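Q: First the structure, which I've put down as structure tokens, then a few questions once you've had a look.
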Amino acid sequence: MLSNISLLRTATTSAIRRTMATEAAHRPPLDLYGLNARYANATYIAASKTNTLEKVESELLSIKASAENSKEFASFLENPLIGRDLKSKQVEELLKGQTSPITLNLMTTLAGNARLNSVVGITDSYVKQMKAKRGEVEATIISADPLNKTQTAAVSEAMKSQFPKGAKVVLKTEVDPSIMGGLQIQIGDKFLDLSVGSRIEEVGRTVV
């Protein structure tokens, strides 16, 4: 009897450990909070379990692009006059066979909860998780005038010490004449302002 109890405990412990290991393997890499993040995190876990993370990311980005570039689609997403059941049915008709079951489930769930207008924010949260999974770090260089390849390479080289070891850097450049000169650099959540405009503001504050 004691032997059977011991075996049962061992089997139960092993099953719990396997379950915890499985859950950990599919857990999103970032701790994001808020309503958008809740939907994104649940979608990430479901996609991870079905090995469709990249596919779902691509599908959500396509839906986001449509929401941002098509007035008709954006109006449909935001229209509060369409009942939840009808909107869920229309979403299913629109996406069934065109997207993975994970994406379809997310969109019909959002329709049923009257949250379709949150799809852009949810996509952004999902993409953040995917970038973290790939070890990507976004870096943006903002200059008053366009940088040539040599200048971009020089700034990128100078920024290397700011990146975590082994990070995959996704570098973007933007032009903002209002900074008047110099550079502004965004690395993840870090912001470095080396612009002429900020120096002028600083001098103004000092004089006052």
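Residue names in the structure tokens use chain letters A, B, ... in the order shown, residue numbers from 1 in each chain, and ligand numbers from 1 in the order shown.
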Got a sec: who's within 7 Å of Ala111 (chain A), counting only C-alpha atoms, leaving out chain neighbours fewer than 5 positions off, as a list of chain:residue names?
A: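 Contacts, with the query itself left out: A:Arg84, A:Lys87, A:Ser88, A:Leu116.
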Q: From the DSSP assignment of the backbone, select every residue of region 35-177 of chain A that is strand (DSSP E), and format the answer as a PyMOL selection string.
A: chain A and resi 136-143+168-175
Q: Region 76-115 of chain A near region 23-47 of chain A within 9 Å: what's each residue's closest atom pair and its distance in Å to one decimal, counting only C-alpha atoms, ordered by chain then ascending residue number, as a tab-separated table?
A:
```
residue	atom	partner	partner_atom	distance
A:Ile102	CA	A:Ala47	CA	6.4
A:Thr103	CA	A:Thr43	CA	7.8
A:Asn105	CA	A:Thr43	CA	8.9
A:Leu106	CA	A:Thr43	CA	7.0
A:Leu110	CA	A:Tyr39	CA	8.8
```
Q: Assign secondary structure with DSSP using the backbone only, and return the residues of chain A in alpha helix (DSSP H) as a PyMOL selection string.
A: chain A and resi 2-26+35-49+53-69+71-78+84-95+101-112+119-133+149-159+196-207
Q: Report as JSON lines the residues of region 43-154 of chain A within 6 Å of region 172-180 of chain A, each with its shortest atom pair and distance in Å (one decimal), using only C-alpha atoms, ordered by chain and increasing residue number.
A:
```
{"residue": "A:Thr140", "atom": "CA", "partner": "A:Lys172", "partner_atom": "CA", "distance": 4.7}
{"residue": "A:Ile141", "atom": "CA", "partner": "A:Thr173", "partner_atom": "CA", "distance": 4.7}
{"residue": "A:Ile142", "atom": "CA", "partner": "A:Glu174", "partner_atom": "CA", "distance": 4.7}
{"residue": "A:Ser143", "atom": "CA", "partner": "A:Val175", "partner_atom": "CA", "distance": 5.1}
{"residue": "A:Ala144", "atom": "CA", "partner": "A:Pro177", "partner_atom": "CA", "distance": 4.2}
{"residue": "A:Asp145", "atom": "CA", "partner": "A:Val175", "partner_atom": "CA", "distance": 5.8}
{"residue": "A:Pro146", "atom": "CA", "partner": "A:Val175", "partner_atom": "CA", "distance": 6.0}
```
